[in-house]
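Colleague: Okay, so here is upload.cif, and as you'll see once you scroll down, it has mmCIF, C-alpha atoms.
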```cif
data_query
#
loop_
_atom_site.label_atom_id
_atom_site.label_comp_id
_atom_site.auth_asym_id
_atom_site.auth_seq_id
_atom_site.Cartn_x
_atom_site.Cartn_y
_atom_site.Cartn_z
CA MET S 235 23.22 -2.39 -9.83
CA THR S 236 25.60 -5.30 -10.12
CA THR S 237 25.82 -8.58 -8.27
CA SER S 238 28.42 -7.01 -5.98
CA THR S 239 26.23 -4.01 -5.09
CA LEU S 240 25.77 -5.22 -1.53
CA SER S 241 29.10 -7.02 -1.28
CA ALA S 242 30.17 -7.74 2.31
CA LYS S 243 27.16 -5.87 3.72
CA LYS S 244 25.60 -7.57 6.72
CA ILE S 245 21.85 -7.43 6.31
CA LEU S 246 19.07 -8.52 8.67
CA ILE S 247 15.66 -9.47 7.24
CA THR S 248 12.77 -10.31 9.58
CA GLY S 249 9.81 -12.51 8.70
CA VAL S 250 11.44 -14.63 5.99
CA SER S 251 9.34 -17.77 6.32
CA SER S 252 6.97 -16.76 3.53
CA GLY S 253 5.67 -14.00 1.28
CA ILE S 254 7.66 -10.84 0.65
CA GLY S 255 10.30 -11.78 3.26
CA ARG S 256 11.17 -15.04 1.57
CA VAL S 257 11.48 -13.41 -1.85
CA LEU S 258 13.57 -10.59 -0.37
CA ALA S 259 15.97 -13.13 1.13
CA ARG S 260 16.25 -14.94 -2.18
CA ASP S 261 16.79 -11.84 -4.30
CA ILE S 262 19.08 -9.94 -1.93
CA SER S 263 21.30 -13.01 -1.59
CA GLN S 264 22.11 -12.56 -5.28
CA TYR S 265 23.88 -9.27 -4.54
CA SER S 266 26.70 -10.84 -2.48
CA ALA S 267 25.32 -9.70 0.88
CA GLU S 268 25.81 -11.61 4.12
CA LEU S 269 22.28 -12.37 5.25
CA HIS S 270 20.97 -12.70 8.78
CA LEU S 271 17.43 -14.05 8.67
CA THR S 272 14.73 -14.41 11.31
CA ALA S 273 11.36 -16.12 11.46
CA ARG S 274 9.19 -17.70 14.11
CA ASN S 275 8.89 -21.04 12.34
CA GLU S 276 12.24 -22.83 12.36
CA GLU S 277 11.33 -25.32 9.66
CA ARG S 278 10.24 -22.68 7.19
CA LEU S 279 13.17 -20.45 8.13
CA ASN S 280 15.61 -23.23 7.24
CA GLU S 281 13.61 -24.01 4.12
CA THR S 282 14.01 -20.39 2.99
CA ILE S 283 17.77 -20.70 3.35
CA ARG S 284 18.03 -24.16 1.79
CA LEU S 285 15.79 -23.56 -1.19
CA TYR S 286 15.98 -19.85 -1.83
CA THR S 287 19.25 -18.21 -0.85
CA GLN S 288 22.80 -18.42 -2.13
CA GLY S 289 25.98 -17.32 -0.37
CA THR S 290 26.09 -16.72 3.36
CA ALA S 291 22.74 -16.81 5.17
CA ILE S 292 22.54 -17.30 8.92
CA PRO S 293 19.21 -18.31 10.51
CA TYR S 294 17.90 -17.04 13.83
CA ARG S 295 14.66 -18.59 15.04
CA ALA S 296 12.97 -15.83 16.99
CA ASP S 297 9.51 -14.71 18.01
CA LEU S 298 9.94 -10.95 17.87
CA THR S 299 7.04 -10.45 20.28
CA SER S 300 9.05 -12.28 22.96
CA THR S 301 11.35 -10.09 25.06
CA THR S 302 13.65 -13.06 25.69
CA ASP S 303 13.94 -13.85 21.98
CA LEU S 304 14.58 -10.19 21.15
CA HIS S 305 17.46 -10.07 23.63
CA GLN S 306 18.96 -13.34 22.41
CA LEU S 307 18.65 -12.25 18.78
CA THR S 308 20.22 -8.85 19.28
CA ASP S 309 23.05 -10.38 21.32
CA ALA S 310 23.80 -12.89 18.56
CA LEU S 311 23.65 -10.51 15.59
CA PRO S 312 26.79 -8.77 14.28
CA VAL S 313 26.96 -5.03 13.59
CA LEU S 314 24.54 -4.55 10.69
CA ASP S 315 24.74 -2.49 7.50
CA GLY S 316 21.15 -3.05 6.51
CA ILE S 317 17.92 -3.94 8.31
CA ILE S 318 14.67 -4.88 6.59
CA LEU S 319 11.75 -4.99 9.00
CA ASN S 320 9.28 -7.09 7.13
CA ALA S 321 7.61 -9.32 9.73
CA GLY S 322 3.92 -8.56 10.13
CA VAL S 323 0.42 -9.94 10.29
CA VAL S 324 -2.62 -9.17 8.17
CA GLU S 325 -5.80 -9.00 10.24
CA TYR S 326 -9.10 -7.64 8.98
CA LEU S 327 -12.14 -7.01 11.17
CA PRO S 328 -14.74 -4.25 11.60
CA VAL S 329 -14.11 -1.73 14.40
CA LYS S 330 -17.22 -2.92 16.21
CA LEU S 331 -15.62 -6.34 16.72
CA ILE S 332 -12.17 -5.21 17.87
CA SER S 333 -11.18 -6.80 21.17
CA GLU S 334 -8.32 -5.82 23.44
CA LYS S 335 -6.63 -9.10 22.52
CA LYS S 336 -6.88 -8.45 18.77
CA LEU S 337 -5.59 -4.93 19.26
CA ARG S 338 -2.60 -6.21 21.24
CA ASP S 339 -1.93 -9.08 18.84
CA VAL S 340 -1.78 -6.89 15.74
CA PHE S 341 0.20 -4.06 17.30
CA SER S 342 2.65 -6.34 19.09
CA VAL S 343 3.78 -7.89 15.79
CA ASN S 344 3.35 -5.00 13.35
CA PHE S 345 4.56 -2.18 15.59
CA ASP S 346 5.88 -3.00 19.09
CA ALA S 347 8.27 -5.75 17.95
CA ASN S 348 9.84 -3.49 15.32
CA VAL S 349 10.28 -0.62 17.75
CA LEU S 350 11.82 -2.82 20.43
CA LEU S 351 14.11 -4.58 17.95
CA ILE S 352 15.50 -1.26 16.69
CA GLN S 353 15.80 0.06 20.24
CA LEU S 354 17.85 -2.96 21.33
CA LEU S 355 20.04 -2.90 18.24
CA LEU S 356 20.82 0.76 18.88
CA LYS S 357 21.45 0.19 22.57
CA LYS S 358 23.81 -2.70 21.81
CA LYS S 359 25.55 -0.67 19.08
CA LYS S 360 24.63 -3.20 16.40
CA ILE S 361 23.77 -0.68 13.68
CA ALA S 362 26.77 0.56 11.68
CA ALA S 363 27.25 4.21 10.75
CA GLY S 364 25.91 4.68 7.23
CA ALA S 365 23.53 1.72 7.55
CA SER S 366 20.13 1.58 5.87
CA ILE S 367 16.91 0.65 7.70
CA ILE S 368 13.81 -0.23 5.71
CA PHE S 369 10.33 -0.77 7.14
CA ILE S 370 7.75 -2.62 5.06
CA SER S 371 4.59 -0.62 5.76
CA SER S 372 1.41 -0.47 3.66
CA ILE S 373 -0.69 2.00 1.68
CA SER S 374 -3.50 0.94 4.02
CA ALA S 375 -1.99 3.51 6.42
CA GLN S 376 -3.03 6.26 3.98
CA LEU S 377 -6.45 4.91 3.03
CA GLY S 378 -9.69 4.15 4.83
CA VAL S 379 -10.69 0.74 3.59
CA PRO S 380 -13.49 -0.72 5.77
CA GLY S 381 -12.31 -3.59 7.94
CA THR S 382 -8.63 -2.63 7.93
CA ALA S 383 -8.59 -0.34 11.00
CA LEU S 384 -6.15 -2.30 13.17
CA TYR S 385 -3.84 -3.28 10.35
CA ALA S 386 -3.85 0.23 8.85
CA ALA S 387 -3.31 1.93 12.21
CA SER S 388 -0.40 -0.39 13.08
CA LYS S 389 1.26 0.38 9.74
CA ALA S 390 0.61 4.13 10.11
CA ALA S 391 2.32 3.96 13.49
CA LEU S 392 5.25 2.18 11.90
CA THR S 393 5.57 4.79 9.14
CA ALA S 394 5.50 7.62 11.69
CA PHE S 395 8.09 5.84 13.83
CA GLY S 396 10.34 5.51 10.78
CA LYS S 397 10.25 9.24 10.12
CA VAL S 398 11.28 10.15 13.65
CA LEU S 399 13.96 7.47 13.64
CA ALA S 400 15.32 8.93 10.39
CA SER S 401 15.78 12.29 12.11
CA GLU S 402 17.42 10.81 15.18
CA LEU S 403 19.87 8.67 13.20
CA ALA S 404 20.79 11.15 10.46
CA PRO S 405 23.85 12.46 12.37
CA ARG S 406 25.38 8.98 12.01
CA ARG S 407 24.31 8.88 8.35
CA ILE S 408 22.02 5.94 9.13
CA ARG S 409 19.14 6.17 6.69
CA VAL S 410 15.56 5.10 7.45
CA ASN S 411 12.88 4.72 4.80
CA THR S 412 9.54 2.95 4.56
CA ILE S 413 8.05 1.16 1.58
CA SER S 414 4.26 1.18 1.40
CA PRO S 415 3.04 -1.46 -1.02
CA GLY S 416 -0.48 -1.83 -2.26
CA ILE S 417 -1.86 -5.34 -2.58
CA VAL S 418 0.95 -7.79 -3.26
CA LYS S 419 0.03 -11.36 -4.06
CA THR S 420 1.49 -13.33 -1.17
CA THR S 421 0.40 -16.33 0.83
CA ALA S 422 -0.67 -13.97 3.65
CA ILE S 423 -3.20 -12.43 1.29
CA GLU S 424 -4.16 -15.66 -0.47
CA ASP S 425 -4.58 -17.51 2.82
CA ASN S 426 -6.75 -14.75 4.24
CA ASN S 427 -10.05 -16.53 3.93
CA LYS S 428 -11.95 -13.35 4.68
CA LEU S 429 -11.50 -12.10 1.13
CA SER S 430 -13.44 -13.93 -1.55
CA THR S 431 -11.68 -14.72 -4.81
CA ASP S 432 -14.36 -12.82 -6.71
CA ALA S 433 -13.91 -9.75 -4.50
CA MET S 434 -10.14 -9.89 -4.98
CA THR S 435 -10.49 -10.17 -8.76
CA GLU S 436 -12.93 -7.27 -8.79
CA ALA S 437 -10.70 -5.13 -6.56
CA GLU S 438 -7.73 -5.67 -8.86
CA LYS S 439 -9.51 -3.52 -11.46
CA ALA S 440 -8.66 -0.52 -9.29
CA TYR S 441 -4.97 -1.22 -9.91
CA PRO S 442 -3.97 0.20 -13.31
CA LEU S 443 -0.94 -2.10 -13.37
CA GLY S 444 -2.68 -4.97 -11.55
CA TYR S 445 -1.66 -6.39 -8.18
CA GLY S 446 2.04 -6.51 -7.39
CA THR S 447 4.26 -9.46 -6.69
CA ALA S 448 6.90 -9.77 -4.00
CA GLU S 449 9.52 -9.51 -6.74
CA ASP S 450 8.23 -6.01 -7.55
CA ILE S 451 9.36 -4.86 -4.09
CA THR S 452 12.85 -6.31 -4.25
CA GLY S 453 14.45 -3.80 -6.61
CA GLN S 454 13.41 -0.90 -4.42
CA VAL S 455 14.77 -2.61 -1.32
CA VAL S 456 18.13 -3.35 -2.98
CA TYR S 457 18.35 0.29 -4.07
CA LEU S 458 17.61 1.51 -0.54
CA LEU S 459 20.21 -0.87 0.89
CA SER S 460 22.84 0.25 -1.60
CA ASP S 461 25.04 3.33 -1.41
CA GLN S 462 23.27 4.68 -4.49
CA SER S 463 20.46 5.88 -2.22
CA ARG S 464 22.84 7.62 0.20
CA TRP S 465 20.85 10.89 0.02
CA MET S 466 17.48 9.28 0.77
CA THR S 467 16.10 9.19 4.29
CA GLY S 468 12.72 9.70 5.93
CA SER S 469 10.91 8.80 2.72
CA ASP S 470 7.78 6.71 2.44
CA ILE S 471 7.78 5.08 -0.97
CA VAL S 472 4.40 4.05 -2.33
CA MET S 473 4.48 1.05 -4.66
CA ASP S 474 0.92 0.31 -5.71
CA GLY S 475 0.67 -0.22 -9.47
CA GLY S 476 -1.02 3.18 -9.73
CA PHE S 477 -3.83 2.44 -7.28
CA MET S 478 -3.64 5.82 -5.57
CA LEU S 479 -3.84 7.72 -8.86
CA GLN S 480 -7.61 7.39 -8.76
CA MET N 262 -22.61 -26.61 21.37
CA GLU N 263 -24.17 -23.20 21.14
CA SER N 264 -27.92 -23.10 20.73
CA LYS N 265 -29.68 -21.79 17.67
CA GLU N 266 -31.07 -19.01 19.84
CA SER N 267 -27.68 -17.74 20.98
CA PHE N 268 -26.39 -17.92 17.41
CA LEU N 269 -29.37 -15.95 16.14
CA GLU N 270 -28.88 -13.35 18.85
CA ALA N 271 -25.19 -12.94 17.98
CA PHE N 272 -26.01 -12.59 14.29
CA GLN N 273 -28.77 -10.05 14.99
CA GLY N 274 -26.23 -8.07 17.02
CA LEU N 275 -24.12 -7.44 13.90
CA PHE N 276 -26.82 -5.16 12.50
CA ASP N 277 -27.44 -1.57 13.58
CA GLU N 278 -30.37 -0.46 11.45
CA THR N 279 -32.32 -3.70 11.22
CA SER N 280 -34.44 -4.73 14.21
CA PRO N 281 -33.77 -8.21 15.64
CA GLU N 282 -37.33 -9.28 14.87
CA GLU N 283 -36.66 -8.82 11.17
CA ILE N 284 -33.83 -11.36 11.32
CA GLN N 285 -34.90 -14.96 11.96
CA LEU N 286 -33.32 -18.32 11.20
CA GLU N 287 -35.15 -18.59 7.88
CA THR N 288 -34.21 -15.05 6.82
CA GLU N 289 -32.20 -14.81 3.61
CA PHE N 290 -29.53 -12.61 5.14
CA LYS N 291 -28.11 -11.19 1.91
CA GLU N 292 -31.54 -9.71 1.22
CA ILE N 293 -31.34 -7.56 4.36
CA GLY N 294 -30.90 -3.95 3.21
CA GLU N 295 -28.08 -3.33 5.63
CA TRP N 296 -26.03 -6.34 4.46
CA SER N 297 -22.65 -5.33 3.00
CA SER N 298 -19.13 -6.65 2.55
CA LEU N 299 -18.36 -5.24 6.01
CA THR N 300 -21.23 -7.23 7.54
CA ALA N 301 -19.87 -10.30 5.77
CA LEU N 302 -16.48 -9.64 7.35
CA ALA N 303 -18.16 -9.10 10.73
CA THR N 304 -19.96 -12.43 10.33
CA ILE N 305 -16.68 -14.25 9.67
CA VAL N 306 -15.04 -12.66 12.72
CA MET N 307 -18.08 -13.34 14.93
CA LEU N 308 -18.11 -17.01 13.89
CA GLU N 309 -14.41 -17.31 14.72
CA GLU N 310 -14.53 -15.47 18.00
CA GLN N 311 -17.80 -16.65 19.48
CA PHE N 312 -18.41 -20.00 17.83
CA ASN N 313 -14.90 -21.27 17.16
CA THR N 314 -15.82 -21.74 13.53
CA SER N 315 -13.57 -20.86 10.64
CA VAL N 316 -15.42 -19.92 7.48
CA ASN N 317 -14.23 -18.28 4.31
CA ALA N 318 -15.89 -15.68 2.15
CA ARG N 319 -16.96 -18.33 -0.36
CA GLN N 320 -18.98 -20.18 2.30
CA ILE N 321 -20.72 -16.93 3.20
CA ASP N 322 -21.50 -16.44 -0.49
CA GLU N 323 -22.93 -19.93 -0.73
CA ALA N 324 -25.07 -19.75 2.42
CA ARG N 325 -28.60 -18.46 1.92
CA THR N 326 -30.36 -18.33 5.27
CA VAL N 327 -29.20 -17.57 8.80
CA GLU N 328 -29.77 -21.22 9.61
CA ASP N 329 -27.34 -22.20 6.83
CA LEU N 330 -24.68 -20.22 8.73
CA TYR N 331 -25.65 -21.87 12.01
CA ASN N 332 -25.35 -25.28 10.36
CA ILE N 333 -21.74 -24.54 9.40
CA THR N 334 -20.94 -24.06 13.10
CA VAL N 335 -22.67 -27.34 13.94
CA THR N 336 -20.77 -29.25 11.24
CA GLN N 337 -17.40 -27.86 12.29
CA ASN N 338 -17.88 -28.40 16.00
CA SER N 339 -19.52 -31.83 15.90
#
```
Once you've parsed the file, please lay out its structure as structure tokens.
Modeller:
Amino acid sequence: MTTSTLSAKKILITGVSSGIGRVLARDISQYSAELHLTARNEERLNETIRLYTQGTAIPYRADLTSTTDLHQLTDALPVLDGIILNAGVVEYLPVKLISEKKLRDVFSVNFDANVLLIQLLLKKKKIAAGASIIFISSISAQLGVPGTALYAASKAALTAFGKVLASELAPRRIRVNTISPGIVKTTAIEDNNKLSTDAMTEAEKAYPLGYGTAEDITGQVVYLLSDQSRWMTGSDIVMDGGFMLQ
Amino acid sequence: MESKESFLEAFQGLFDETSPEEIQLETEFKEIGEWSSLTALATIVMLEEQFNTSVNARQIDEARTVEDLYNITVTQNS
């Protein structure tokens, strides 16, 4: 892939204020794409653009769980060639302590917002024929790690939604794929004070190639955005440093 | 401020196999047979939800007795 691989493509990335989203914005901007970036926090959104991206990058401050913001965002966006649905929250708690509020909070960000964003973009004809849609899911959806029920279920729902969407959009050659990373070292993980440093270090032993970094995800995303992946749709790509081999 | 009694009751409620009488303020909670990483997670969530106290896994590691946990809630909410 060359620096012009995504030349003139209009690409939306959600959740760019930190973690994988911020690195995706930085790295994808190096492939001559026109970026359209969203985050809830305006300051960090602008910081991502100022410090990380090159070329054209247009910010949209939006809370994707807000119906008003979703409408304003989808009105303002141009017709898109690529969409990376990255925004999400990490929330760990045992099933016994799930509350209706927690359930709603996790699903509204990790699932509902993504579904409603795609629905509005389709309705407003903002997804170009031949476009590529990428959901950032998680291998949690395929595992049964104690404490991850809400997070895992929300990501499993997202992966299933992606498969159906792939079928529905195939006639327009719009491709839909999900990437399911294992543990990637991001601020969302590091700031999650429910995981002790010792436990994280110990758990990394189960990863033959160690934990991933956000940069490890970028290459796959660029490939899925590019025309080189024109025959790929409905796939769920596991990127986990070999974790699921065992 | 929540009382020690209500804290103790909430903590006892996290256990399924251990009777409440076996868990008192002076109990060294990591010695309870049922204690696990999931109970530790449950403790963190319970402290957040019911006692408006944010603790990390390291603080749970460092605490020894149930009263040590209660004292964290007192310190944070005083």
Colleague: The PyMOL selection byres ((chain S and resi 316) around 7) on the file shown: which residues, as a PDB file with C-alpha atoms, in the frame of the given file?
Modeller:
```
ATOM      1  CA  LYS S 244      25.600  -7.570   6.720  1.00  0.00           C
ATOM      2  CA  ILE S 245      21.850  -7.430   6.310  1.00  0.00           C
ATOM      3  CA  LEU S 246      19.070  -8.520   8.670  1.00  0.00           C
ATOM      4  CA  LEU S 314      24.540  -4.550  10.690  1.00  0.00           C
ATOM      5  CA  ASP S 315      24.740  -2.490   7.500  1.00  0.00           C
ATOM      6  CA  ILE S 317      17.920  -3.940   8.310  1.00  0.00           C
ATOM      7  CA  ILE S 318      14.670  -4.880   6.590  1.00  0.00           C
ATOM      8  CA  ALA S 365      23.530   1.720   7.550  1.00  0.00           C
ATOM      9  CA  SER S 366      20.130   1.580   5.870  1.00  0.00           C
ATOM     10  CA  ILE S 367      16.910   0.650   7.700  1.00  0.00           C
ATOM     11  CA  LEU S 459      20.210  -0.870   0.890  1.00  0.00           C
TER      12      LEU S 459
END
```
Colleague: Please check which residues have atoms at most 9 Å from (-20.6, -27.1, 13.9) in the file's coordinates, counting only C-alpha atoms, and write them as number ranges by chain.
Modeller: N: 262-263, 312-314, 331-339
Colleague: Within 10 Å of (-18.2, -16.3, 7.9), in the coordinates the file gives, what residues turn up when you count all atoms listed in the file, written out as a list in words?
Modeller: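 Residues with an atom close enough to that point: Asn427 and Lys428 of chain S; Thr300, Ala301, Leu302, Ala303, Thr304, Ile305, Val306, Met307, Leu308, Glu309, Thr314, Ser315, Val316, Asn317, Ala318, Arg319, Gln320, Ile321, Asp322, Ala324, Leu330, Ile333 and Thr334 of chain N.
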Colleague: Output the contact residues of chain S with respect to chain N at a cut-off of 8 Å, based on all atoms listed in the file, as a PDB file with C-alpha atoms, keeping the file's coordinate frame.
Modeller:
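Below you can see selection08.pdb, which holds the result:
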```pdb
ATOM      1  CA  TYR S 326      -9.100  -7.640   8.980  1.00  0.00           C
ATOM      2  CA  LEU S 327     -12.140  -7.010  11.170  1.00  0.00           C
ATOM      3  CA  PRO S 328     -14.740  -4.250  11.600  1.00  0.00           C
ATOM      4  CA  LEU S 331     -15.620  -6.340  16.720  1.00  0.00           C
ATOM      5  CA  PRO S 380     -13.490  -0.720   5.770  1.00  0.00           C
ATOM      6  CA  GLY S 381     -12.310  -3.590   7.940  1.00  0.00           C
ATOM      7  CA  ASN S 427     -10.050 -16.530   3.930  1.00  0.00           C
ATOM      8  CA  LYS S 428     -11.950 -13.350   4.680  1.00  0.00           C
ATOM      9  CA  LEU S 429     -11.500 -12.100   1.130  1.00  0.00           C
ATOM     10  CA  SER S 430     -13.440 -13.930  -1.550  1.00  0.00           C
ATOM     11  CA  THR S 431     -11.680 -14.720  -4.810  1.00  0.00           C
TER      12      THR S 431
END
```
Colleague: What is the atom CA of S:Ala363 to atom CA of S:Arg406 distance in Å?
Modeller: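 Distance between the two atoms: 5.3 Å.
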Colleague: Running the PyMOL selection byres ((chain S and resi 476) around 10) on this model by hand, what would come out? Give it as an MDAnalysis selection string.
Modeller: chainID S and resid 416 440:445 472:475 477:480
Colleague: Could you list the residues chosen by the PyMOL selection byres ((chain S and resi 263) around 8) in this structure as a count of residues only?
Modeller: 15
Colleague: How about completing stretch 276-296 of chain S with N, CA and C atoms and giving it to me as an mmCIF file, in the coordinates of the input?
Modeller:
```cif
data_model
loop_
_atom_site.group_PDB
_atom_site.id
_atom_site.type_symbol
_atom_site.label_atom_id
_atom_site.label_comp_id
_atom_site.auth_asym_id
_atom_site.auth_seq_id
_atom_site.Cartn_x
_atom_site.Cartn_y
_atom_site.Cartn_z
ATOM 1 N N GLU S 276 10.884 -22.389 12.667
ATOM 2 C CA GLU S 276 12.240 -22.830 12.360
ATOM 3 C C GLU S 276 12.318 -23.627 11.058
ATOM 4 N N GLU S 277 11.325 -24.474 10.864
ATOM 5 C CA GLU S 277 11.330 -25.320 9.660
ATOM 6 C C GLU S 277 11.284 -24.473 8.392
ATOM 7 N N ARG S 278 10.383 -23.504 8.395
ATOM 8 C CA ARG S 278 10.240 -22.680 7.190
ATOM 9 C C ARG S 278 11.410 -21.701 7.037
ATOM 10 N N LEU S 279 11.976 -21.296 8.161
ATOM 11 C CA LEU S 279 13.170 -20.450 8.130
ATOM 12 C C LEU S 279 14.310 -21.193 7.428
ATOM 13 N N ASN S 280 14.539 -22.439 7.853
ATOM 14 C CA ASN S 280 15.610 -23.230 7.240
ATOM 15 C C ASN S 280 15.303 -23.556 5.787
ATOM 16 N N GLU S 281 14.019 -23.742 5.506
ATOM 17 C CA GLU S 281 13.610 -24.010 4.120
ATOM 18 C C GLU S 281 13.927 -22.807 3.237
ATOM 19 N N THR S 282 13.694 -21.604 3.752
ATOM 20 C CA THR S 282 14.010 -20.390 2.990
ATOM 21 C C THR S 282 15.496 -20.386 2.623
ATOM 22 N N ILE S 283 16.332 -20.727 3.593
ATOM 23 C CA ILE S 283 17.770 -20.700 3.350
ATOM 24 C C ILE S 283 18.177 -21.815 2.380
ATOM 25 N N ARG S 284 17.625 -23.002 2.610
ATOM 26 C CA ARG S 284 18.030 -24.160 1.790
ATOM 27 C C ARG S 284 17.571 -24.016 0.345
ATOM 28 N N LEU S 285 16.361 -23.546 0.160
ATOM 29 C CA LEU S 285 15.790 -23.560 -1.190
ATOM 30 C C LEU S 285 15.898 -22.223 -1.921
ATOM 31 N N TYR S 286 16.105 -21.153 -1.182
ATOM 32 C CA TYR S 286 15.980 -19.850 -1.830
ATOM 33 C C TYR S 286 17.265 -19.028 -1.874
ATOM 34 N N THR S 287 18.126 -19.146 -0.890
ATOM 35 C CA THR S 287 19.250 -18.210 -0.850
ATOM 36 C C THR S 287 20.537 -18.838 -1.379
ATOM 37 N N GLN S 288 21.451 -17.980 -1.755
ATOM 38 C CA GLN S 288 22.800 -18.420 -2.130
ATOM 39 C C GLN S 288 23.783 -17.588 -1.322
ATOM 40 N N GLY S 289 25.011 -18.051 -1.182
ATOM 41 C CA GLY S 289 25.980 -17.320 -0.370
ATOM 42 C C GLY S 289 25.725 -17.518 1.104
ATOM 43 N N THR S 290 26.207 -16.576 1.913
ATOM 44 C CA THR S 290 26.090 -16.720 3.360
ATOM 45 C C THR S 290 24.709 -16.272 3.852
ATOM 46 N N ALA S 291 24.034 -17.159 4.568
ATOM 47 C CA ALA S 291 22.740 -16.810 5.170
ATOM 48 C C ALA S 291 22.645 -17.510 6.519
ATOM 49 N N ILE S 292 22.535 -16.730 7.563
ATOM 50 C CA ILE S 292 22.540 -17.300 8.920
ATOM 51 C C ILE S 292 21.128 -17.193 9.517
ATOM 52 N N PRO S 293 20.588 -18.332 9.965
ATOM 53 C CA PRO S 293 19.210 -18.310 10.510
ATOM 54 C C PRO S 293 19.183 -17.995 12.007
ATOM 55 N N TYR S 294 18.163 -17.297 12.411
ATOM 56 C CA TYR S 294 17.900 -17.040 13.830
ATOM 57 C C TYR S 294 16.424 -17.293 14.063
ATOM 58 N N ARG S 295 16.084 -18.392 14.750
ATOM 59 C CA ARG S 295 14.660 -18.590 15.040
ATOM 60 C C ARG S 295 14.291 -17.644 16.175
ATOM 61 N N ALA S 296 13.325 -16.801 15.948
ATOM 62 C CA ALA S 296 12.970 -15.830 16.990
ATOM 63 C C ALA S 296 11.520 -15.394 16.835
#
```
